[in-house]
>>> print(open('input.csv').read())   # CSV, C-alpha atoms
chain,number,residue,atom,x,y,z
E,274,MET,CA,-13.3,10.5,155.4
E,275,GLU,CA,-12.6,10.7,159.2
E,276,THR,CA,-11.9,7.0,159.3
E,277,ASP,CA,-9.3,7.4,156.5
E,278,LEU,CA,-7.8,10.4,158.4
E,279,ASN,CA,-7.5,8.4,161.6
E,280,ALA,CA,-6.0,5.5,159.7
E,281,ALA,CA,-3.4,7.8,158.1
E,282,TYR,CA,-2.4,9.2,161.5
E,283,GLU,CA,-2.1,5.6,162.9
E,284,ARG,CA,0.1,4.7,159.9
E,285,CYS,CA,2.4,7.7,160.8
E,286,ARG,CA,2.4,6.7,164.4
E,287,GLU,CA,3.5,3.2,163.5
E,288,LEU,CA,6.3,4.4,161.3
E,289,HIS,CA,7.4,6.7,164.2
E,290,LYS,CA,7.3,4.0,166.8
E,291,ARG,CA,9.2,1.5,164.5
E,292,HIS,CA,11.9,3.8,163.2
E,293,GLY,CA,12.2,6.8,165.6
E,294,ARG,CA,12.8,5.1,168.9
E,295,THR,CA,14.4,8.2,170.6
E,296,TYR,CA,12.0,10.8,169.3
E,297,TYR,CA,9.0,8.6,169.7
E,298,LEU,CA,9.8,8.3,173.4
E,299,ALA,CA,10.1,12.0,173.7
E,300,THR,CA,6.9,12.6,171.8
E,301,ARG,CA,5.0,10.5,174.4
E,302,LEU,CA,5.7,13.4,176.9
E,303,LEU,CA,3.6,15.8,174.8
E,304,PRO,CA,-0.1,16.5,175.5
E,305,ALA,CA,-2.1,13.8,173.8
E,306,TRP,CA,-3.7,16.1,171.2
E,307,LYS,CA,-0.3,17.2,169.9
E,308,ARG,CA,1.2,13.8,169.5
E,309,ARG,CA,-0.5,12.7,166.4
E,310,HIS,CA,0.6,15.9,164.6
E,311,VAL,CA,4.2,15.1,165.5
E,312,HIS,CA,3.7,11.5,164.3
E,313,ALA,CA,2.3,12.9,161.0
E,314,LEU,CA,5.5,15.0,160.4
E,315,TYR,CA,7.7,12.1,161.3
E,316,GLY,CA,5.7,9.8,159.0
E,317,PHE,CA,6.1,12.3,156.1
E,318,THR,CA,9.8,12.6,156.5
E,319,ARG,CA,10.4,8.9,157.1
E,320,TYR,CA,8.4,7.7,154.1
E,321,ALA,CA,10.3,10.0,151.8
E,322,ASP,CA,13.5,8.7,153.3
E,323,GLU,CA,12.4,5.2,152.7
E,324,ILE,CA,11.8,5.9,149.0
E,325,VAL,CA,15.4,7.1,148.8
E,326,ASP,CA,17.1,4.6,151.0
E,327,GLN,CA,15.0,1.4,151.2
E,328,THR,CA,14.6,0.8,147.5
E,329,GLU,CA,18.3,0.5,146.8
E,330,ALA,CA,17.6,-2.4,144.4
E,331,LEU,CA,16.2,0.2,142.0
E,332,PRO,CA,18.5,2.5,140.0
E,333,PRO,CA,18.5,6.2,141.1
E,334,PRO,CA,16.3,7.4,138.2
E,335,ALA,CA,13.6,4.9,139.2
E,336,ARG,CA,13.8,6.0,142.9
E,337,ALA,CA,13.7,9.6,141.7
E,338,ALA,CA,10.6,8.9,139.7
E,339,ARG,CA,8.9,7.4,142.8
E,340,LEU,CA,9.9,10.4,145.0
E,341,ASP,CA,8.7,12.8,142.3
E,342,ASP,CA,5.4,10.9,142.0
E,343,TRP,CA,4.8,10.9,145.8
E,344,GLY,CA,5.8,14.5,146.0
E,345,GLY,CA,3.4,15.4,143.2
E,346,ARG,CA,0.5,13.7,145.0
E,347,PHE,CA,1.5,15.7,148.2
E,348,ILE,CA,1.5,19.0,146.2
E,349,ALA,CA,-1.9,18.1,144.7
E,350,GLY,CA,-3.2,17.5,148.1
E,351,LEU,CA,-2.0,20.9,149.2
E,352,HIS,CA,-4.2,22.3,146.4
E,353,GLY,CA,-7.2,20.6,147.7
E,354,GLU,CA,-7.3,17.4,145.5
E,355,GLN,CA,-8.3,14.1,147.0
E,356,VAL,CA,-5.2,12.0,147.8
E,357,ASP,CA,-5.1,8.2,147.6
E,358,ASP,CA,-2.2,7.5,150.0
E,359,PRO,CA,-1.9,5.7,153.3
E,360,LEU,CA,-0.3,8.6,155.2
E,361,LEU,CA,-0.5,11.9,153.3
E,362,PRO,CA,-4.0,12.8,154.6
E,363,ALA,CA,-2.6,13.1,158.1
E,364,VAL,CA,0.2,15.3,156.9
E,365,LEU,CA,-2.1,17.5,154.9
E,366,HIS,CA,-4.5,17.8,157.9
E,367,THR,CA,-1.6,18.8,160.2
E,368,ILE,CA,-0.4,21.4,157.7
E,369,ALA,CA,-3.9,22.9,157.6
E,370,VAL,CA,-4.5,22.8,161.3
E,371,PHE,CA,-1.3,24.7,162.1
E,372,ASP,CA,-0.9,26.6,158.8
E,373,LEU,CA,2.6,25.2,158.4
E,374,ASP,CA,4.9,26.9,155.9
E,375,ARG,CA,4.6,25.0,152.6
E,376,GLU,CA,8.1,26.1,151.6
E,377,ASP,CA,9.6,24.0,154.4
E,378,PHE,CA,8.1,20.8,152.8
E,379,ALA,CA,9.4,21.8,149.4
E,380,ALA,CA,12.8,22.3,150.8
E,381,PHE,CA,12.7,18.9,152.5
E,382,LEU,CA,11.7,17.1,149.3
E,383,LYS,CA,14.5,18.9,147.5
E,384,SER,CA,17.1,17.6,150.0
E,385,MET,CA,15.7,14.1,149.7
E,386,ALA,CA,16.2,14.2,145.9
E,387,MET,CA,19.8,15.3,146.5
E,388,ASP,CA,20.5,12.0,148.3
E,389,LEU,CA,19.9,10.3,145.0
E,390,THR,CA,22.6,12.1,143.1
E,391,VAL,CA,25.0,13.7,145.7
E,392,THR,CA,27.4,11.4,147.5
E,393,SER,CA,29.6,13.9,149.3
E,394,TYR,CA,29.9,17.5,150.2
E,395,ARG,CA,33.0,19.6,149.6
E,396,THR,CA,32.6,22.1,152.5
E,397,TYR,CA,30.5,22.4,155.6
E,398,ALA,CA,28.7,25.3,154.0
E,399,HIS,CA,27.6,22.9,151.2
E,400,LEU,CA,26.5,20.3,153.8
E,401,LEU,CA,24.6,23.0,155.7
E,402,ASP,CA,22.7,23.8,152.4
E,403,TYR,CA,21.6,20.2,152.3
E,404,MET,CA,20.8,20.1,156.0
E,405,GLU,CA,18.7,23.3,155.6
E,406,GLY,CA,16.1,21.2,153.8
E,407,SER,CA,16.7,17.9,155.6
E,408,ALA,CA,17.0,19.1,159.2
E,409,ALA,CA,16.5,22.8,159.8
E,410,VAL,CA,13.0,22.9,158.3
E,411,ILE,CA,12.0,20.0,160.6
E,412,GLY,CA,12.6,22.4,163.5
E,413,THR,CA,10.5,25.1,161.9
E,414,MET,CA,7.7,22.6,161.0
E,415,MET,CA,7.6,21.5,164.6
E,416,LEU,CA,7.5,24.9,166.2
E,417,PRO,CA,3.9,25.8,165.6
E,418,ILE,CA,2.8,22.3,167.0
E,419,LEU,CA,5.0,22.7,170.1
E,420,GLY,CA,3.9,26.3,170.6
E,421,SER,CA,5.9,29.2,171.9
E,422,SER,CA,5.5,32.4,173.8
E,423,ALA,CA,8.0,34.0,171.4
E,424,PRO,CA,7.8,32.2,168.0
E,425,VAL,CA,10.0,34.6,166.2
E,426,ALA,CA,12.8,34.3,168.8
E,427,ALA,CA,12.3,30.5,168.9
E,428,ARG,CA,12.7,30.0,165.2
E,429,GLU,CA,16.5,30.1,164.9
E,430,PRO,CA,17.1,27.8,167.9
E,431,ALA,CA,14.6,25.4,166.4
E,432,ARG,CA,16.6,25.4,163.2
E,433,GLN,CA,19.8,24.9,165.1
E,434,LEU,CA,18.4,21.9,166.9
E,435,GLY,CA,17.6,20.4,163.6
E,436,PHE,CA,21.2,20.8,162.5
E,437,ALA,CA,22.4,19.4,165.9
E,438,PHE,CA,20.2,16.3,165.6
E,439,GLN,CA,21.2,15.6,162.0
E,440,LEU,CA,24.9,16.1,162.5
E,441,THR,CA,24.7,13.7,165.5
E,442,ASN,CA,23.1,11.1,163.2
E,443,PHE,CA,25.9,11.7,160.6
E,444,ILE,CA,28.6,11.1,163.2
E,445,ARG,CA,26.9,8.0,164.5
E,446,ASP,CA,26.1,6.6,161.0
E,447,VAL,CA,29.4,7.1,159.2
E,448,ALA,CA,29.7,3.3,158.5
E,449,GLU,CA,26.1,2.9,157.5
E,450,ASP,CA,26.3,5.8,155.1
E,451,LEU,CA,29.4,4.4,153.5
E,452,ASP,CA,27.5,1.3,152.8
E,453,ARG,CA,25.1,3.5,150.9
E,454,GLY,CA,27.9,5.1,149.0
E,455,ARG,CA,27.6,8.4,150.8
E,456,THR,CA,29.9,10.5,153.0
E,457,TYR,CA,28.3,13.3,155.0
E,458,LEU,CA,31.6,14.4,156.6
E,459,PRO,CA,32.8,17.4,154.5
E,460,GLU,CA,35.8,16.7,152.2
E,461,GLU,CA,37.6,19.7,153.5
E,462,ASP,CA,37.5,18.3,157.0
E,463,LEU,CA,38.8,14.9,155.8
E,464,GLU,CA,41.7,16.8,154.2
E,465,THR,CA,42.4,18.8,157.3
E,466,PHE,CA,42.9,15.6,159.3
E,467,GLY,CA,44.7,13.7,156.5
E,468,VAL,CA,41.9,11.3,156.0
E,469,THR,CA,40.7,9.9,152.7
E,470,ARG,CA,37.5,8.1,151.8
E,471,GLU,CA,39.6,5.0,151.3
E,472,ASP,CA,40.7,5.3,155.0
E,473,LEU,CA,37.0,5.4,156.0
E,474,LEU,CA,36.2,2.4,154.0
E,475,ALA,CA,39.2,0.5,155.5
E,476,CYS,CA,38.0,1.4,159.0
E,477,ARG,CA,34.6,0.1,158.0
E,478,ALA,CA,36.1,-3.2,156.8
E,479,ALA,CA,38.3,-3.6,159.9
E,480,GLY,CA,35.6,-2.6,162.4
E,481,ARG,CA,37.9,-0.1,164.1
E,482,THR,CA,39.2,3.4,163.6
E,483,ILE,CA,42.6,4.9,163.1
E,484,GLU,CA,44.0,8.0,164.8
E,485,PRO,CA,43.4,10.6,162.1
E,486,VAL,CA,39.8,9.4,161.8
E,487,ARG,CA,39.4,9.5,165.5
E,488,GLU,CA,40.5,13.2,165.5
E,489,LEU,CA,38.2,13.9,162.6
E,490,ILE,CA,35.2,12.5,164.6
E,491,ARG,CA,36.3,14.5,167.7
E,492,HIS,CA,36.2,17.6,165.5
E,493,GLU,CA,32.7,16.8,164.2
E,494,VAL,CA,31.4,16.2,167.7
E,495,GLY,CA,32.6,19.6,168.7
E,496,ARG,CA,30.9,21.1,165.7
E,497,ALA,CA,27.6,19.4,166.7
E,498,GLN,CA,27.9,20.8,170.2
E,499,THR,CA,28.0,24.3,168.8
E,500,HIS,CA,24.6,23.7,167.3
E,501,TYR,CA,23.3,22.2,170.5
E,502,ALA,CA,24.5,25.3,172.4
E,503,ALA,CA,22.8,27.6,169.8
E,504,ALA,CA,19.6,25.6,170.3
E,505,ALA,CA,19.5,25.5,174.1
E,506,THR,CA,17.7,28.8,174.7
E,507,GLY,CA,14.9,27.8,172.4
E,508,VAL,CA,13.8,25.0,174.7
E,509,LEU,CA,12.9,27.6,177.3
E,510,LEU,CA,10.8,29.5,174.8
E,511,LEU,CA,8.5,26.6,174.1
E,512,ASP,CA,5.1,26.2,175.7
E,513,PRO,CA,5.6,24.7,179.2
E,514,ALA,CA,3.7,21.6,178.2
E,515,SER,CA,6.1,20.9,175.3
E,516,GLN,CA,9.3,21.5,177.1
E,517,ALA,CA,9.7,18.0,178.6
E,518,CYS,CA,9.4,16.5,175.1
E,519,ILE,CA,12.1,18.6,173.6
E,520,ARG,CA,14.3,18.5,176.7
E,521,THR,CA,14.2,14.7,176.4
E,522,ALA,CA,15.0,14.7,172.7
E,523,TYR,CA,17.8,17.2,173.3
E,524,ALA,CA,19.3,15.0,176.0
E,525,LEU,CA,18.9,11.7,174.2
E,526,TYR,CA,20.2,12.8,170.8
E,527,GLY,CA,23.0,14.6,172.6
E,528,GLY,CA,23.6,11.5,174.6
E,529,ILE,CA,24.7,9.8,171.4
E,530,LEU,CA,27.7,12.2,171.4
E,531,ASP,CA,28.4,11.1,175.0
E,532,GLU,CA,28.5,7.5,173.8
E,533,VAL,CA,30.8,8.4,170.8
E,534,ALA,CA,33.2,10.1,173.2
E,535,ALA,CA,32.9,7.1,175.6
E,536,GLN,CA,34.1,4.8,172.9
E,537,ASP,CA,37.0,7.1,172.2
E,538,TYR,CA,35.5,8.5,169.0
E,539,ASP,CA,35.6,5.1,167.3
E,540,VAL,CA,32.3,5.1,165.3
E,541,PHE,CA,33.3,1.8,163.6
E,542,VAL,CA,33.7,-0.5,166.6
E,543,ARG,CA,30.0,-0.3,167.2
E,544,ARG,CA,27.0,1.9,166.6
E,545,ALA,CA,26.7,4.5,169.4
E,546,THR,CA,23.4,4.2,171.1
E,547,VAL,CA,22.0,5.4,174.4
E,548,PRO,CA,21.1,2.5,176.7
E,549,ARG,CA,17.4,1.9,177.3
E,550,ARG,CA,17.8,2.4,181.1
E,551,ARG,CA,19.3,5.8,180.5
E,552,ARG,CA,16.6,6.8,178.0
E,553,MET,CA,13.9,6.0,180.5
E,554,ALA,CA,15.7,7.9,183.2
E,555,VAL,CA,16.1,11.0,181.0
E,556,ALA,CA,12.4,11.0,180.1
E,557,SER,CA,11.4,10.6,183.8
E,558,ARG,CA,13.7,13.4,184.8
E,559,ALA,CA,12.4,15.7,182.1
E,560,LEU,CA,8.8,15.2,183.4
E,561,LEU,CA,9.9,16.3,186.8
E,562,THR,CA,12.0,19.3,185.7
E,563,PRO,CA,10.2,22.6,186.0
E,564,ALA,CA,9.6,24.5,182.8
E,565,GLY,CA,12.2,27.2,182.2
E,566,THR,CA,15.1,25.1,183.6
E,567,PRO,CA,18.1,25.5,181.3
E,568,VAL,CA,19.2,22.3,179.4
E,569,GLU,CA,22.6,20.8,179.9
E,570,LEU,CA,25.0,20.8,176.9
E,571,PRO,CA,25.7,17.2,175.7
E,572,GLY,CA,29.0,15.6,175.0
E,573,PRO,CA,32.5,16.4,176.3
E,574,ARG,CA,33.5,19.9,177.1
E,575,LEU,CA,34.0,22.2,174.1
E,576,ARG,CA,37.7,22.9,173.6
>>> encode(input="input.csv", output="structure tokens")
Amino acid sequence: METDLNAAYERCRELHKRHGRTYYLATRLLPAWKRRHVHALYGFTRYADEIVDQTEALPPPARAARLDDWGGRFIAGLHGEQVDDPLLPAVLHTIAVFDLDREDFAAFLKSMAMDLTVTSYRTYAHLLDYMEGSAAVIGTMMLPILGSSAPVAAREPARQLGFAFQLTNFIRDVAEDLDRGRTYLPEEDLETFGVTREDLLACRAAGRTIEPVRELIRHEVGRAQTHYAAAATGVLLLDPASQACIRTAYALYGGILDEVAAQDYDVFVRRATVPRRRRMAVASRALLTPAGTPVELPGPRLR
């Protein structure tokens, strides 16, 4: 059984290393005993995401059936049943070790199922409802593993950091999401800036933006910054040994906003990424930064 558990953790680590370049680097700054539990959570979320997004040759009902089957096996494992799965044993073990809130996992699976049927969101409130399950709960799942001197006070900043990271991804991946038939920029925001979905598709085809879309992206960057600002105090509430990890993730995900701004808010000309040299420099600096040092808000100044 221990061999199977170790293999499951290794499978999660491999998924994390392959697909979560930024956060995998940050996780390496954690104490060794915590890392595999973070890998387990990443593996859980990534595998569910792959069922939704990496099986696009299948019709949505077939993908929904796969997600439901996998989610059913996960629920069975929570109730003590033996699970025949390459990574779920690691997730179930991590949940048991830290007594993680099962409702967070249910909310996450609900949001993953939404991706099979929902292609756009009318308002930011509607998008937040989706991100509650796809992003905010990731922060609250992580909190017991990271540890905190004030877990109640740290909970809301952890949720806000989940929102910040996910909205950053939505901004960066507008073109990629369009290819999947989805738009995560709220319809009301498009209307405010005089942008249509057809405009976004035309920008995708041309490989460059237009002025109304540029202003739309500028607005969304500012919105993401408000979530980073709301999350900032939470980094200081984490266990000192965990602060370098989250300080690095905060700076590197936020650095994507810097890159978007540097290319004048054109998310179609290229995919905004933080250069490897900067990523390594950020991680090194985080290791040398004393615990309790405030984090720097990413992106251009809020207007």
>>> closest_residue(input="input.csv", among="E:Leu331, E:Phe541, E:Trp343, E:Ala502", to="E:Val356", atoms="all atoms listed in the file")
E:Trp343
>>> residues_around(input="input.csv", residues="stretch 549-551 of chain E", least_positions_apart="3", cutoff="10 Å", atoms="all atoms listed in the file", output="list in words")
Thr295, Leu525, Gly528, Thr546, Ala554, Val555, Ala556 and Ser557 of chain E
>>> atom_distance(input="input.csv", atom1="atom CA of E:Ser384", atom2="atom CA of E:Ala437")
16.9 Å
>>> residues_around(input="input.csv", residues="stretch 334-336 of chain E", least_positions_apart="4", cutoff="12 Å", atoms="all atoms listed in the file", output="number ranges by chain")
E: 321-330, 340-343, 385-390
>>> atom_distance(input="input.csv", atom1="atom CA of E:Leu474", atom2="atom CA of E:Thr441")
19.8 Å
>>> atom_distance(input="input.csv", atom1="atom CA of E:Ala398", atom2="atom CA of E:Glu460")
11.3 Å
>>> residues_near_point(input="input.csv", point="(4.4, 4.2, 161.2)", cutoff="12 Å", atoms="all atoms listed in the file", output="ChimeraX atom specification")
/E:280-294,297,309,311-320,323,359-360,363
>>> decode(input="input.csv", residues="stretch 417-428 of chain E", atoms="all heavy atoms", output="CSV table (one decimal), in the first residue's frame")
chain,number,residue,atom,x,y,z
E,417,PRO,N,-4.0,25.0,5.2
E,417,PRO,CA,-3.6,24.1,6.3
E,417,PRO,C,-2.2,23.5,6.0
E,417,PRO,O,-1.4,23.2,6.9
E,417,PRO,CB,-4.6,23.0,6.3
E,417,PRO,CG,-5.9,23.7,5.7
E,417,PRO,CD,-5.3,24.5,4.6
E,418,ILE,N,-1.8,23.3,4.7
E,418,ILE,CA,-0.5,22.7,4.4
E,418,ILE,C,0.6,23.7,4.6
E,418,ILE,O,1.6,23.4,5.2
E,418,ILE,CB,-0.5,22.2,2.9
E,418,ILE,CG1,-1.6,21.1,2.7
E,418,ILE,CG2,0.9,21.7,2.5
E,418,ILE,CD1,-1.8,20.7,1.3
E,419,LEU,N,0.3,25.0,4.2
E,419,LEU,CA,1.3,26.0,4.4
E,419,LEU,C,1.4,26.4,5.8
E,419,LEU,O,2.5,26.7,6.3
E,419,LEU,CB,0.8,27.3,3.6
E,419,LEU,CG,0.8,27.1,2.1
E,419,LEU,CD1,0.1,28.3,1.4
E,419,LEU,CD2,2.1,26.8,1.5
E,420,GLY,N,0.3,26.3,6.6
E,420,GLY,CA,0.4,26.7,8.0
E,420,GLY,C,0.3,28.1,8.2
E,420,GLY,O,0.7,29.0,7.4
E,421,SER,N,-0.3,28.5,9.3
E,421,SER,CA,-0.5,30.0,9.6
E,421,SER,C,-0.7,30.2,11.1
E,421,SER,O,-1.2,29.3,11.8
E,421,SER,CB,-1.8,30.5,8.9
E,421,SER,OG,-2.1,31.8,9.3
E,422,SER,N,-0.1,31.3,11.5
E,422,SER,CA,-0.3,31.7,13.0
E,422,SER,C,-1.7,32.2,13.2
E,422,SER,O,-2.1,32.3,14.4
E,422,SER,CB,0.7,32.7,13.3
E,422,SER,OG,0.5,33.9,12.5
E,423,ALA,N,-2.4,32.5,12.2
E,423,ALA,CA,-3.8,33.1,12.3
E,423,ALA,C,-4.6,32.6,11.2
E,423,ALA,O,-5.0,33.3,10.2
E,423,ALA,CB,-3.7,34.6,12.3
E,424,PRO,N,-5.0,31.3,11.2
E,424,PRO,CA,-5.7,30.7,10.0
E,424,PRO,C,-7.0,31.3,9.7
E,424,PRO,O,-7.4,31.4,8.5
E,424,PRO,CB,-5.9,29.2,10.5
E,424,PRO,CG,-5.7,29.2,12.0
E,424,PRO,CD,-4.7,30.3,12.3
E,425,VAL,N,-7.7,31.8,10.7
E,425,VAL,CA,-9.0,32.5,10.4
E,425,VAL,C,-8.8,33.8,9.6
E,425,VAL,O,-9.4,34.0,8.6
E,425,VAL,CB,-9.8,32.8,11.7
E,425,VAL,CG1,-11.1,33.6,11.4
E,425,VAL,CG2,-10.2,31.5,12.4
E,426,ALA,N,-7.8,34.6,10.1
E,426,ALA,CA,-7.5,35.8,9.4
E,426,ALA,C,-6.9,35.6,8.0
E,426,ALA,O,-7.1,36.4,7.1
E,426,ALA,CB,-6.6,36.7,10.2
E,427,ALA,N,-6.2,34.5,7.8
E,427,ALA,CA,-5.5,34.2,6.6
E,427,ALA,C,-6.4,33.6,5.5
E,427,ALA,O,-6.0,33.6,4.4
E,427,ALA,CB,-4.3,33.2,6.8
E,428,ARG,N,-7.6,33.2,5.9
E,428,ARG,CA,-8.5,32.5,5.0
E,428,ARG,C,-8.9,33.4,3.8
E,428,ARG,O,-8.8,33.0,2.7
E,428,ARG,CB,-9.7,31.9,5.7
E,428,ARG,CG,-10.7,31.2,4.8
E,428,ARG,CD,-11.9,30.6,5.6
E,428,ARG,NE,-12.8,30.0,4.7
E,428,ARG,CZ,-12.8,28.8,4.2
E,428,ARG,NH1,-11.8,28.0,4.5
E,428,ARG,NH2,-13.7,28.4,3.3
